[in-house]
$ cat coords.tsv   # TSV, C-alpha atoms
chain	number	residue	atom	x	y	z
A	175	MET	CA	0.00	0.00	0.00
A	176	THR	CA	1.51	3.28	-1.10
A	177	LEU	CA	0.92	6.62	0.58
A	178	GLY	CA	-0.50	8.02	-2.66
A	179	LEU	CA	-3.06	5.23	-2.93
A	180	LEU	CA	-4.08	5.67	0.70
A	181	LEU	CA	-4.49	9.44	0.24
A	182	THR	CA	-6.53	8.90	-2.93
A	183	GLN	CA	-8.89	6.52	-1.15
A	184	LEU	CA	-9.20	8.90	1.80
A	185	LEU	CA	-10.19	11.68	-0.60
A	186	ASN	CA	-12.65	9.34	-2.32
A	187	GLY	CA	-14.09	8.55	1.11
A	188	ILE	CA	-14.46	12.25	1.90
A	189	GLN	CA	-16.11	12.78	-1.50
A	190	LEU	CA	-18.62	10.00	-0.78
A	191	GLY	CA	-19.08	11.43	2.70
A	192	VAL	CA	-20.01	14.92	1.52
A	193	LEU	CA	-22.51	13.47	-0.97
A	194	LEU	CA	-24.07	11.50	1.87
A	195	PHE	CA	-24.09	14.67	3.98
A	196	LEU	CA	-26.12	16.53	1.35
A	197	LEU	CA	-28.76	13.83	1.67
A	198	ALA	CA	-28.48	13.20	5.39
A	199	SER	CA	-28.65	16.84	6.46
A	200	GLY	CA	-32.15	17.36	5.08
A	201	LEU	CA	-33.43	13.93	6.06
A	202	THR	CA	-32.19	14.16	9.63
A	203	LEU	CA	-34.06	17.45	10.11
A	204	VAL	CA	-37.25	15.85	8.77
A	205	PHE	CA	-36.77	13.03	11.25
A	206	GLY	CA	-35.82	15.33	14.09
A	207	ILE	CA	-38.51	18.01	13.71
A	208	MET	CA	-41.43	16.16	12.15
A	209	SER	CA	-40.69	12.68	13.48
A	210	PHE	CA	-41.51	11.68	9.92
A	211	VAL	CA	-40.00	8.60	8.24
A	212	ASN	CA	-39.47	9.61	4.61
A	213	LEU	CA	-38.17	6.66	2.63
A	214	ALA	CA	-38.75	8.61	-0.60
A	215	HIS	CA	-35.82	10.94	0.11
A	216	GLY	CA	-33.59	8.82	-2.12
A	217	SER	CA	-36.14	9.22	-4.91
A	218	LEU	CA	-35.73	13.02	-4.71
A	219	TYR	CA	-31.98	12.46	-5.16
A	220	MET	CA	-32.76	10.34	-8.21
A	221	MET	CA	-35.11	12.99	-9.62
A	222	GLY	CA	-32.44	15.64	-9.09
A	223	ALA	CA	-29.98	13.54	-11.10
A	224	TYR	CA	-32.51	13.04	-13.91
A	225	PHE	CA	-33.42	16.75	-13.99
A	226	ALA	CA	-29.70	17.58	-14.15
A	227	ALA	CA	-28.98	15.07	-16.93
A	228	ALA	CA	-31.97	16.26	-18.97
A	229	ALA	CA	-30.96	19.92	-18.65
A	230	PHE	CA	-27.30	19.13	-19.30
A	231	ASN	CA	-28.10	17.37	-22.58
A	232	ALA	CA	-30.76	19.91	-23.60
A	233	PHE	CA	-28.56	22.98	-23.10
A	234	ASP	CA	-25.45	21.92	-25.06
A	235	ASN	CA	-23.71	20.10	-22.17
A	236	SER	CA	-23.99	23.09	-19.84
A	237	PHE	CA	-23.37	22.09	-16.22
A	238	ILE	CA	-24.48	25.54	-15.06
A	239	ALA	CA	-27.84	25.05	-16.79
A	240	ALA	CA	-28.12	21.63	-15.16
A	241	ALA	CA	-27.54	23.22	-11.74
A	242	LEU	CA	-30.02	26.05	-12.36
A	243	VAL	CA	-32.70	23.54	-13.37
A	244	SER	CA	-32.17	20.51	-11.16
A	245	VAL	CA	-31.90	22.03	-7.68
A	246	PRO	CA	-34.94	24.38	-7.90
A	247	ALA	CA	-36.98	21.70	-9.71
A	248	THR	CA	-36.26	19.11	-7.02
A	249	LEU	CA	-36.99	21.62	-4.28
A	250	LEU	CA	-40.38	22.45	-5.86
A	251	LEU	CA	-41.11	18.76	-6.42
A	252	GLY	CA	-40.37	18.03	-2.77
A	253	LEU	CA	-42.57	20.92	-1.67
A	254	ALA	CA	-45.42	19.70	-3.87
A	255	VAL	CA	-45.13	16.14	-2.54
A	256	GLU	CA	-45.08	17.41	1.03
A	257	ARG	CA	-48.07	19.73	0.60
A	258	LEU	CA	-50.24	17.40	-1.49
A	259	LEU	CA	-49.43	13.96	-0.08
A	260	LEU	CA	-47.48	13.92	3.15
A	261	THR	CA	-49.12	16.50	5.42
A	262	THR	CA	-51.94	14.08	6.22
A	263	LEU	CA	-49.39	11.53	7.40
A	264	TYR	CA	-47.62	13.65	10.02
A	265	ARG	CA	-49.93	12.52	12.83
A	266	ARG	CA	-50.10	8.92	11.65
A	267	ASP	CA	-47.82	6.25	13.05
A	268	HIS	CA	-44.48	5.43	11.49
A	269	LEU	CA	-45.73	2.28	9.79
A	270	ASP	CA	-48.19	4.33	7.72
A	271	GLN	CA	-45.40	6.76	6.83
A	272	VAL	CA	-43.10	3.93	5.78
A	273	LEU	CA	-45.76	2.31	3.59
A	274	ALA	CA	-46.79	5.60	1.97
A	275	THR	CA	-43.27	6.77	1.19
A	276	PHE	CA	-42.31	3.29	-0.02
A	277	GLY	CA	-45.20	3.65	-2.45
A	278	LEU	CA	-43.67	6.94	-3.59
A	279	ILE	CA	-40.40	5.12	-4.30
A	280	LEU	CA	-42.24	2.73	-6.63
A	281	PHE	CA	-44.12	5.63	-8.24
A	282	PHE	CA	-41.00	7.71	-8.97
A	283	ASN	CA	-39.09	4.67	-10.28
A	284	GLU	CA	-41.87	3.96	-12.76
A	285	LEU	CA	-42.22	7.65	-13.58
A	286	VAL	CA	-38.61	8.01	-14.72
A	287	ARG	CA	-38.92	4.81	-16.75
A	288	ALA	CA	-41.99	6.23	-18.48
A	289	ILE	CA	-40.34	9.60	-19.21
A	290	TRP	CA	-36.69	8.71	-19.87
A	291	GLY	CA	-36.97	5.01	-20.67
A	292	PRO	CA	-35.45	1.96	-18.95
A	293	ALA	CA	-31.88	2.62	-20.14
A	294	SER	CA	-29.43	4.66	-18.06
A	295	VAL	CA	-29.02	8.36	-18.79
A	296	TYR	CA	-25.56	9.93	-18.76
A	297	MET	CA	-24.09	13.36	-18.31
A	298	ASN	CA	-20.41	14.10	-18.78
A	299	VAL	CA	-18.03	15.74	-16.37
A	300	PRO	CA	-17.88	19.46	-17.26
A	301	GLN	CA	-15.07	20.12	-19.74
A	302	ALA	CA	-13.45	22.70	-17.47
A	303	LEU	CA	-13.27	20.12	-14.66
A	304	SER	CA	-12.19	17.08	-16.67
A	305	GLY	CA	-8.54	17.37	-15.59
A	306	THR	CA	-6.81	16.93	-12.26
A	307	VAL	CA	-5.61	19.12	-9.43
A	308	ASP	CA	-2.25	18.74	-7.71
A	309	LEU	CA	-2.69	18.02	-4.00
A	310	PHE	CA	0.70	17.63	-2.31
A	311	GLY	CA	2.06	15.94	-5.40
A	312	LEU	CA	-1.04	13.77	-5.90
A	313	ALA	CA	-3.09	14.20	-9.09
A	314	TYR	CA	-6.74	14.05	-8.04
A	315	PRO	CA	-9.73	14.47	-10.41
A	316	SER	CA	-10.88	18.08	-10.43
A	317	TYR	CA	-14.57	17.21	-10.47
A	318	ARG	CA	-14.34	14.97	-7.42
A	319	PHE	CA	-12.49	17.77	-5.67
A	320	LEU	CA	-15.35	20.11	-6.63
A	321	ILE	CA	-17.82	17.72	-4.96
A	322	ILE	CA	-15.77	17.92	-1.76
A	323	ALA	CA	-15.63	21.72	-1.97
A	324	VAL	CA	-19.39	22.02	-2.60
A	325	GLY	CA	-20.18	19.68	0.30
A	326	LEU	CA	-17.98	21.64	2.69
A	327	ALA	CA	-19.48	24.94	1.49
A	328	VAL	CA	-23.01	23.61	2.03
A	329	GLY	CA	-21.98	22.41	5.48
A	330	GLY	CA	-20.76	25.90	6.35
A	331	ALA	CA	-23.91	27.51	4.93
A	332	LEU	CA	-26.14	25.15	6.91
A	333	TYR	CA	-24.20	25.92	10.08
A	334	LEU	CA	-24.83	29.64	9.56
A	335	LEU	CA	-28.49	29.01	8.74
A	336	ILE	CA	-29.13	26.80	11.77
A	337	HIS	CA	-27.10	28.79	14.31
A	338	ARG	CA	-27.22	32.39	13.09
A	339	THR	CA	-30.73	33.00	11.73
A	340	ARG	CA	-34.26	33.15	13.12
A	341	VAL	CA	-35.34	30.29	10.87
A	342	GLY	CA	-32.47	28.24	12.21
A	343	MET	CA	-33.49	29.06	15.76
A	344	LEU	CA	-37.01	27.77	15.04
A	345	ILE	CA	-35.61	24.64	13.38
A	346	ARG	CA	-33.44	23.89	16.42
A	347	ALA	CA	-36.36	24.57	18.74
A	348	GLY	CA	-38.57	22.32	16.63
A	349	ALA	CA	-36.02	19.53	16.79
A	350	ALA	CA	-35.97	19.88	20.58
A	351	ASN	CA	-39.73	20.21	21.17
A	352	ALA	CA	-42.03	20.71	18.18
A	353	GLU	CA	-45.21	20.71	20.27
A	354	MET	CA	-43.92	23.51	22.50
A	355	ILE	CA	-43.00	25.90	19.68
A	356	SER	CA	-46.36	25.17	18.05
A	357	ALA	CA	-48.08	26.10	21.32
A	358	LEU	CA	-46.08	29.35	21.35
A	359	GLY	CA	-47.70	30.41	18.08
A	360	VAL	CA	-45.09	29.31	15.55
A	361	ASN	CA	-46.58	28.11	12.26
A	362	ILE	CA	-45.35	24.53	12.54
A	363	LYS	CA	-46.98	23.59	9.22
A	364	GLY	CA	-45.00	26.28	7.44
A	365	LEU	CA	-41.83	25.28	9.28
A	366	ASN	CA	-42.35	21.67	8.21
A	367	SER	CA	-42.70	22.80	4.59
A	368	VAL	CA	-39.51	24.88	4.80
A	369	VAL	CA	-37.53	21.98	6.27
A	370	PHE	CA	-38.89	19.46	3.78
A	371	ALA	CA	-38.24	21.77	0.82
A	372	LEU	CA	-34.70	22.46	2.08
A	373	GLY	CA	-34.06	18.74	2.36
A	374	ALA	CA	-35.44	18.16	-1.14
A	375	GLY	CA	-33.23	20.91	-2.56
A	376	LEU	CA	-30.16	19.38	-0.93
A	377	ALA	CA	-31.13	15.95	-2.30
A	378	GLY	CA	-31.41	17.55	-5.75
A	379	LEU	CA	-27.97	19.10	-5.30
A	380	ALA	CA	-26.57	15.68	-4.38
A	381	GLY	CA	-28.16	14.22	-7.50
A	382	LEU	CA	-26.66	17.01	-9.62
A	383	MET	CA	-23.17	16.47	-8.24
A	384	ALA	CA	-23.38	12.66	-8.52
A	385	GLY	CA	-24.77	12.70	-12.07
A	386	PRO	CA	-21.44	12.91	-13.94
A	387	ILE	CA	-19.80	10.10	-11.92
A	388	VAL	CA	-22.63	7.58	-11.63
A	389	SER	CA	-25.12	5.97	-13.97
A	390	VAL	CA	-28.39	7.90	-13.74
A	391	GLN	CA	-31.03	5.19	-13.70
A	392	SER	CA	-34.31	4.13	-12.15
A	393	GLY	CA	-33.81	2.82	-8.62
A	394	MET	CA	-30.55	4.68	-7.99
A	395	GLY	CA	-32.01	6.32	-4.89
A	396	GLU	CA	-32.47	3.19	-2.80
A	397	PRO	CA	-28.84	2.12	-2.25
A	398	ILE	CA	-27.76	5.63	-1.24
A	399	LEU	CA	-30.83	5.97	0.99
A	400	ILE	CA	-29.60	2.97	3.00
A	401	LEU	CA	-26.19	4.62	3.44
A	402	THR	CA	-27.92	7.86	4.40
A	403	LEU	CA	-29.93	6.13	7.11
A	404	VAL	CA	-26.72	4.61	8.47
A	405	VAL	CA	-25.24	8.12	8.56
A	406	ILE	CA	-28.21	9.53	10.47
A	407	VAL	CA	-28.27	6.73	13.04
A	408	THR	CA	-24.50	6.92	13.51
A	409	GLY	CA	-24.32	10.71	13.75
A	410	GLY	CA	-27.51	11.33	15.74
A	411	ILE	CA	-31.05	11.94	14.53
A	412	GLY	CA	-31.92	15.62	14.16
A	413	SER	CA	-28.30	16.81	14.34
A	414	ILE	CA	-26.70	18.63	11.39
A	415	ARG	CA	-23.31	18.27	13.10
A	416	GLY	CA	-24.01	14.57	13.51
A	417	ALA	CA	-24.99	14.28	9.84
A	418	PHE	CA	-21.73	15.96	8.77
A	419	TYR	CA	-19.33	13.96	10.91
A	420	GLY	CA	-21.35	10.76	10.54
A	421	ALA	CA	-21.28	11.11	6.74
A	422	LEU	CA	-17.51	11.61	6.69
A	423	ILE	CA	-16.98	8.62	8.99
A	424	VAL	CA	-19.26	6.35	6.96
A	425	GLY	CA	-17.81	7.53	3.64
A	426	ILE	CA	-14.21	6.96	4.71
A	427	VAL	CA	-14.88	3.61	6.43
A	428	ASP	CA	-16.83	2.30	3.44
A	429	THR	CA	-14.34	3.47	0.79
A	430	VAL	CA	-11.11	2.60	2.60
A	431	GLY	CA	-12.55	-0.70	3.83
A	432	ARG	CA	-13.55	-1.84	0.36
A	433	ALA	CA	-10.18	-0.75	-1.06
A	434	PHE	CA	-7.82	-2.29	1.49
A	435	LEU	CA	-9.56	-4.88	3.67
A	436	PRO	CA	-9.48	-7.76	1.12
A	437	ALA	CA	-5.74	-7.24	0.58
A	438	LEU	CA	-5.16	-6.98	4.33
A	439	LEU	CA	-6.98	-10.26	4.99
A	440	ARG	CA	-4.79	-12.00	2.42
A	441	GLU	CA	-1.85	-11.33	4.73
A	442	PHE	CA	-3.43	-13.42	7.49
A	443	LEU	CA	-5.70	-15.95	5.74
A	444	GLU	CA	-5.44	-18.34	2.85
A	445	ARG	CA	-5.87	-16.55	-0.45
A	446	SER	CA	-9.09	-18.33	-1.39
A	447	VAL	CA	-10.64	-17.61	2.01
A	448	ALA	CA	-9.52	-13.99	1.93
A	449	GLN	CA	-10.90	-13.46	-1.59
A	450	ALA	CA	-14.27	-14.82	-0.50
A	451	ALA	CA	-14.48	-13.15	2.90
A	452	GLY	CA	-12.76	-9.83	2.17
A	453	PRO	CA	-15.39	-8.16	-0.04
A	454	ALA	CA	-18.24	-9.47	2.13
A	455	ILE	CA	-16.71	-8.14	5.35
A	456	ALA	CA	-15.81	-4.86	3.66
A	457	SER	CA	-19.42	-4.36	2.56
A	458	MET	CA	-20.56	-4.97	6.16
A	459	LEU	CA	-18.12	-2.57	7.82
A	460	ILE	CA	-20.44	0.42	8.01
A	461	TYR	CA	-23.24	-1.72	9.47
A	462	LEU	CA	-20.86	-3.13	12.06
A	463	LEU	CA	-19.84	0.46	12.82
A	464	MET	CA	-23.49	1.47	13.24
A	465	ALA	CA	-24.13	-1.50	15.55
A	466	ALA	CA	-21.13	-0.58	17.68
A	467	VAL	CA	-22.26	3.04	17.92
A	468	LEU	CA	-25.79	2.02	18.91
A	469	ALA	CA	-24.40	-0.31	21.57
A	470	LEU	CA	-22.18	2.39	23.10
A	471	LYS	CA	-24.16	5.59	22.32
A	472	PRO	CA	-27.79	4.83	21.41
A	473	ALA	CA	-28.46	8.50	20.59
A	474	GLY	CA	-25.59	8.60	18.08
A	475	LEU	CA	-22.10	10.06	18.22
A	476	PHE	CA	-23.24	13.69	17.99
A	477	PRO	CA	-26.84	13.89	19.26
A	478	VAL	CA	-28.86	17.09	19.40
A	479	LYS	CA	-28.08	19.06	22.57
A	480	HIS	CA	-31.24	20.10	24.34
A	481	GLY	CA	-31.47	22.95	26.74
$ encode --input "coords.tsv" --output "structure tokens"
Amino acid sequence: MTLGLLLTQLLNGIQLGVLLFLLASGLTLVFGIMSFVNLAHGSLYMMGAYFAAAAFNAFDNSFIAAALVSVPATLLLGLAVERLLLTTLYRRDHLDQVLATFGLILFFNELVRAIWGPASVYMNVPQALSGTVDLFGLAYPSYRFLIIAVGLAVGGALYLLIHRTRVGMLIRAGAANAEMISALGVNIKGLNSVVFALGAGLAGLAGLMAGPIVSVQSGMGEPILILTLVVIVTGGIGSIRGAFYGALIVGIVDTVGRAFLPALLREFLERSVAQAAGPAIASMLIYLLMAAVLALKPAGLFPVKHG
């Protein structure tokens, strides 16, 4: 294992982590404030990727056009879904929420097949970002570095929003005690819509940024939703700080584990056993991490601080 390879995989882990953060930050607020289980959050990520790919190809491979279309479109789609379909579910139990939002997953998967067809849709890495950047002598893809930069910028913006604005104060209060702030005259329905729309917009941004490096296809939201749920449980439900650090931890553990664990096991086990067990154990690492966190800190590593 060379230092360059290790650094590359660490950067890849951070890149995956910031993508997960874009999804987890909105979803953890929905969980924390509304106590609402939204399994369709991954579908909003998928829709963001499709909106981006459609705009990218329609506007002469313009990534800026893709950004200007996909993020607002996903935000408005999320707001429409919340207003028209989900508001009646807020006071229902979690099983009803799970079933309803699972139905939305099926609906959106069939919708994109009907509109864009069953084949994958592709968008290229922007021409200006198709090269590499030099990081301490390591050539790293410019676009992946942009994903890291965007994720960190969004993290900083969310910190300012949550901790330095009135809306952020209400969001934090809602995460601590939604019933109390509602009793104090705060429009909790409007706050719910703001939080849900913000989460949808961030999911759309994640879909935009992932579009050039993944295959945009029906069903792409479910695998990343599972990782996002692991992030939220590990970091702490309702905590933006938990979503950020949890996403980085999960991204690095998953990426580095898959890259190096099979080779490491070959040093201690027979080659045939290591080749069979290595990938399987590597794919389970983040779930083992989540189980360990739940055993030691059931509220997550960085839970919301009340009071």
$ closest_residue --input "coords.tsv" --among "A:Met464, A:Ile426, A:Val341, A:Ala473" --to "Leu403 in chain A" --atoms "all atoms listed in the file"
A:Met464
$ residues_around --input "coords.tsv" --residues "Ala377 in chain A" --least-positions-apart "6" --cutoff "7 Å" --atoms "only C-alpha atoms" --output "list in words"
Leu196, Leu197, Leu218, Tyr219 and Gly222 of chain A
$ residues_around --input "coords.tsv" --residues "Val478 in chain A" --least-positions-apart "4" --cutoff "12 Å" --atoms "only C-alpha atoms" --output "number ranges by chain"
A: 202-203, 206-207, 345-351, 406, 409-417, 473-474
$ write_last_selection --input "coords.tsv" --atoms "C-alpha atoms" --output "PDB file, keeping the file's coordinate frame"
ATOM      1  CA  THR A 202     -32.190  14.160   9.630  1.00  0.00           C
ATOM      2  CA  LEU A 203     -34.060  17.450  10.110  1.00  0.00           C
ATOM      3  CA  GLY A 206     -35.820  15.330  14.090  1.00  0.00           C
ATOM      4  CA  ILE A 207     -38.510  18.010  13.710  1.00  0.00           C
ATOM      5  CA  ILE A 345     -35.610  24.640  13.380  1.00  0.00           C
ATOM      6  CA  ARG A 346     -33.440  23.890  16.420  1.00  0.00           C
ATOM      7  CA  ALA A 347     -36.360  24.570  18.740  1.00  0.00           C
ATOM      8  CA  GLY A 348     -38.570  22.320  16.630  1.00  0.00           C
ATOM      9  CA  ALA A 349     -36.020  19.530  16.790  1.00  0.00           C
ATOM     10  CA  ALA A 350     -35.970  19.880  20.580  1.00  0.00           C
ATOM     11  CA  ASN A 351     -39.730  20.210  21.170  1.00  0.00           C
ATOM     12  CA  ILE A 406     -28.210   9.530  10.470  1.00  0.00           C
ATOM     13  CA  GLY A 409     -24.320  10.710  13.750  1.00  0.00           C
ATOM     14  CA  GLY A 410     -27.510  11.330  15.740  1.00  0.00           C
ATOM     15  CA  ILE A 411     -31.050  11.940  14.530  1.00  0.00           C
ATOM     16  CA  GLY A 412     -31.920  15.620  14.160  1.00  0.00           C
ATOM     17  CA  SER A 413     -28.300  16.810  14.340  1.00  0.00           C
ATOM     18  CA  ILE A 414     -26.700  18.630  11.390  1.00  0.00           C
ATOM     19  CA  ARG A 415     -23.310  18.270  13.100  1.00  0.00           C
ATOM     20  CA  GLY A 416     -24.010  14.570  13.510  1.00  0.00           C
ATOM     21  CA  ALA A 417     -24.990  14.280   9.840  1.00  0.00           C
ATOM     22  CA  ALA A 473     -28.460   8.500  20.590  1.00  0.00           C
ATOM     23  CA  GLY A 474     -25.590   8.600  18.080  1.00  0.00           C
TER      24      GLY A 474
END
$ closest_residue --input "coords.tsv" --among "A:Leu250, A:Gly329, A:Val211, A:Ala456" --to "Val272 in chain A" --atoms "all atoms listed in the file"
A:Val211
$ closest_residue --input "coords.tsv" --among "A:Pro315, A:Pro453, A:Gly342, A:Gly381" --to "Val243 in chain A" --atoms "all atoms listed in the file"
A:Gly381
$ atom_distance --input "coords.tsv" --atom1 "CA of Val192 in chain A" --atom2 "CA of Ala239 in chain A"
22.3 Å
$ atom_distance --input "coords.tsv" --atom1 "CA of Val424 in chain A" --atom2 "CA of Ile460 in chain A"
6.1 Å
$ closest_residue --input "coords.tsv" --among "A:Ile321, A:Ala228, A:Ile336, A:Val307" --to "Met383 in chain A" --atoms "only C-alpha atoms"
A:Ile321
$ atom_distance --input "coords.tsv" --atom1 "CA of Leu320 in chain A" --atom2 "CA of Ile238 in chain A"
13.6 Å
$ residues_around --input "coords.tsv" --residues "Phe195 in chain A" --least-positions-apart "4" --cutoff "10 Å" --atoms "all atoms listed in the file" --output "short mmCIF file (atom, residue, chain, number, x, y, z; two decimals) with C-alpha atoms, keeping the file's coordinate frame"
data_model
loop_
_atom_site.label_atom_id
_atom_site.label_comp_id
_atom_site.auth_asym_id
_atom_site.auth_seq_id
_atom_site.Cartn_x
_atom_site.Cartn_y
_atom_site.Cartn_z
CA GLN A 189 -16.11 12.78 -1.50
CA LEU A 190 -18.62 10.00 -0.78
CA GLY A 191 -19.08 11.43 2.70
CA SER A 199 -28.65 16.84 6.46
CA GLY A 200 -32.15 17.36 5.08
CA LEU A 201 -33.43 13.93 6.06
CA THR A 202 -32.19 14.16 9.63
CA GLY A 325 -20.18 19.68 0.30
CA LEU A 326 -17.98 21.64 2.69
CA VAL A 328 -23.01 23.61 2.03
CA GLY A 329 -21.98 22.41 5.48
CA LEU A 376 -30.16 19.38 -0.93
CA ALA A 377 -31.13 15.95 -2.30
CA ALA A 380 -26.57 15.68 -4.38
CA THR A 402 -27.92 7.86 4.40
CA VAL A 405 -25.24 8.12 8.56
CA ILE A 406 -28.21 9.53 10.47
CA ILE A 414 -26.70 18.63 11.39
CA ARG A 415 -23.31 18.27 13.10
CA GLY A 416 -24.01 14.57 13.51
CA ALA A 417 -24.99 14.28 9.84
CA PHE A 418 -21.73 15.96 8.77
CA TYR A 419 -19.33 13.96 10.91
CA GLY A 420 -21.35 10.76 10.54
CA ALA A 421 -21.28 11.11 6.74
CA LEU A 422 -17.51 11.61 6.69
CA GLY A 425 -17.81 7.53 3.64
#
$ residues_around --input "coords.tsv" --residues "Gln301 in chain A" --least-positions-apart "4" --cutoff "10 Å" --atoms "all atoms listed in the file" --output "PyMOL selection string"
chain A and resi 235-237+305+317
$ write_last_selection --input "coords.tsv" --atoms "C-alpha atoms" --output "PDB file, keeping the file's coordinate frame"
ATOM      1  CA  ASN A 235     -23.710  20.100 -22.170  1.00  0.00           C
ATOM      2  CA  SER A 236     -23.990  23.090 -19.840  1.00  0.00           C
ATOM      3  CA  PHE A 237     -23.370  22.090 -16.220  1.00  0.00           C
ATOM      4  CA  GLY A 305      -8.540  17.370 -15.590  1.00  0.00           C
ATOM      5  CA  TYR A 317     -14.570  17.210 -10.470  1.00  0.00           C
TER       6      TYR A 317
END
$ residues_near_point --input "coords.tsv" --point "(-40.1, 3.4, -3.0)" --cutoff "12 Å" --atoms "all atoms listed in the file" --output "PyMOL selection string"
chain A and resi 212-218+220+271-285+392-397+399
$ residues_near_point --input "coords.tsv" --point "(-16.7, -7.3, 3.9)" --cutoff "12 Å" --atoms "all atoms listed in the file" --output "list in words"
Val427, Asp428, Thr429, Val430, Gly431, Arg432, Ala433, Phe434, Leu435, Pro436, Ala437, Leu438, Leu439, Ala448, Gln449, Ala450, Ala451, Gly452, Pro453, Ala454, Ile455, Ala456, Ser457, Met458, Leu459, Ile460, Tyr461 and Leu462 of chain A
$ residues_around --input "coords.tsv" --residues "Thr261 in chain A" --least-positions-apart "5" --cutoff "12 Å" --atoms "all atoms listed in the file" --output "MDAnalysis selection string"
chainID A and resid 208 210 212 253:256 266 271 274 362:364 366:367 370
$ write_last_selection --input "coords.tsv" --atoms "C-alpha atoms" --output "mmCIF file, in the coordinates of the input"
data_model
loop_
_atom_site.group_PDB
_atom_site.id
_atom_site.type_symbol
_atom_site.label_atom_id
_atom_site.label_comp_id
_atom_site.auth_asym_id
_atom_site.auth_seq_id
_atom_site.Cartn_x
_atom_site.Cartn_y
_atom_site.Cartn_z
ATOM 1 C CA MET A 208 -41.430 16.160 12.150
ATOM 2 C CA PHE A 210 -41.510 11.680 9.920
ATOM 3 C CA ASN A 212 -39.470 9.610 4.610
ATOM 4 C CA LEU A 253 -42.570 20.920 -1.670
ATOM 5 C CA ALA A 254 -45.420 19.700 -3.870
ATOM 6 C CA VAL A 255 -45.130 16.140 -2.540
ATOM 7 C CA GLU A 256 -45.080 17.410 1.030
ATOM 8 C CA ARG A 266 -50.100 8.920 11.650
ATOM 9 C CA GLN A 271 -45.400 6.760 6.830
ATOM 10 C CA ALA A 274 -46.790 5.600 1.970
ATOM 11 C CA ILE A 362 -45.350 24.530 12.540
ATOM 12 C CA LYS A 363 -46.980 23.590 9.220
ATOM 13 C CA GLY A 364 -45.000 26.280 7.440
ATOM 14 C CA ASN A 366 -42.350 21.670 8.210
ATOM 15 C CA SER A 367 -42.700 22.800 4.590
ATOM 16 C CA PHE A 370 -38.890 19.460 3.780
#
$ closest_residue --input "coords.tsv" --among "A:Leu312, A:Met343, A:Val467, A:Leu332" --to "Leu177 in chain A" --atoms "all atoms listed in the file"
A:Leu312
$ decode --input "coords.tsv" --residues "range 182-194 of chain A" --atoms "N, CA and C atoms" --output "PDB file, in the first residue's frame"
ATOM      1  N   THR A 182      -5.470   8.873  -1.920  1.00  0.00           N
ATOM      2  CA  THR A 182      -6.528   8.897  -2.932  1.00  0.00           C
ATOM      3  C   THR A 182      -7.817   8.296  -2.386  1.00  0.00           C
ATOM      4  N   GLN A 183      -7.696   7.163  -1.700  1.00  0.00           N
ATOM      5  CA  GLN A 183      -8.890   6.516  -1.154  1.00  0.00           C
ATOM      6  C   GLN A 183      -9.494   7.340  -0.017  1.00  0.00           C
ATOM      7  N   LEU A 184      -8.664   8.009   0.756  1.00  0.00           N
ATOM      8  CA  LEU A 184      -9.197   8.897   1.797  1.00  0.00           C
ATOM      9  C   LEU A 184      -9.999  10.039   1.170  1.00  0.00           C
ATOM     10  N   LEU A 185      -9.473  10.618   0.096  1.00  0.00           N
ATOM     11  CA  LEU A 185     -10.193  11.684  -0.599  1.00  0.00           C
ATOM     12  C   LEU A 185     -11.485  11.156  -1.219  1.00  0.00           C
ATOM     13  N   ASN A 186     -11.431   9.942  -1.774  1.00  0.00           N
ATOM     14  CA  ASN A 186     -12.646   9.341  -2.316  1.00  0.00           C
ATOM     15  C   ASN A 186     -13.673   9.114  -1.207  1.00  0.00           C
ATOM     16  N   GLY A 187     -13.191   8.724  -0.019  1.00  0.00           N
ATOM     17  CA  GLY A 187     -14.088   8.546   1.113  1.00  0.00           C
ATOM     18  C   GLY A 187     -14.716   9.856   1.555  1.00  0.00           C
ATOM     19  N   ILE A 188     -13.915  10.927   1.562  1.00  0.00           N
ATOM     20  CA  ILE A 188     -14.457  12.246   1.904  1.00  0.00           C
ATOM     21  C   ILE A 188     -15.470  12.687   0.858  1.00  0.00           C
ATOM     22  N   GLN A 189     -15.174  12.416  -0.430  1.00  0.00           N
ATOM     23  CA  GLN A 189     -16.113  12.782  -1.498  1.00  0.00           C
ATOM     24  C   GLN A 189     -17.436  12.053  -1.340  1.00  0.00           C
ATOM     25  N   LEU A 190     -17.390  10.741  -1.045  1.00  0.00           N
ATOM     26  CA  LEU A 190     -18.623  10.004  -0.781  1.00  0.00           C
ATOM     27  C   LEU A 190     -19.315  10.555   0.456  1.00  0.00           C
ATOM     28  N   GLY A 191     -18.515  10.904   1.464  1.00  0.00           N
ATOM     29  CA  GLY A 191     -19.081  11.427   2.703  1.00  0.00           C
ATOM     30  C   GLY A 191     -19.848  12.724   2.498  1.00  0.00           C
ATOM     31  N   VAL A 192     -19.306  13.639   1.699  1.00  0.00           N
ATOM     32  CA  VAL A 192     -20.014  14.918   1.519  1.00  0.00           C
ATOM     33  C   VAL A 192     -21.274  14.733   0.681  1.00  0.00           C
ATOM     34  N   LEU A 193     -21.280  13.771  -0.251  1.00  0.00           N
ATOM     35  CA  LEU A 193     -22.509  13.470  -0.973  1.00  0.00           C
ATOM     36  C   LEU A 193     -23.569  12.927  -0.010  1.00  0.00           C
ATOM     37  N   LEU A 194     -23.137  12.032   0.873  1.00  0.00           N
ATOM     38  CA  LEU A 194     -24.069  11.501   1.868  1.00  0.00           C
ATOM     39  C   LEU A 194     -24.560  12.603   2.797  1.00  0.00           C
TER      40      LEU A 194
END
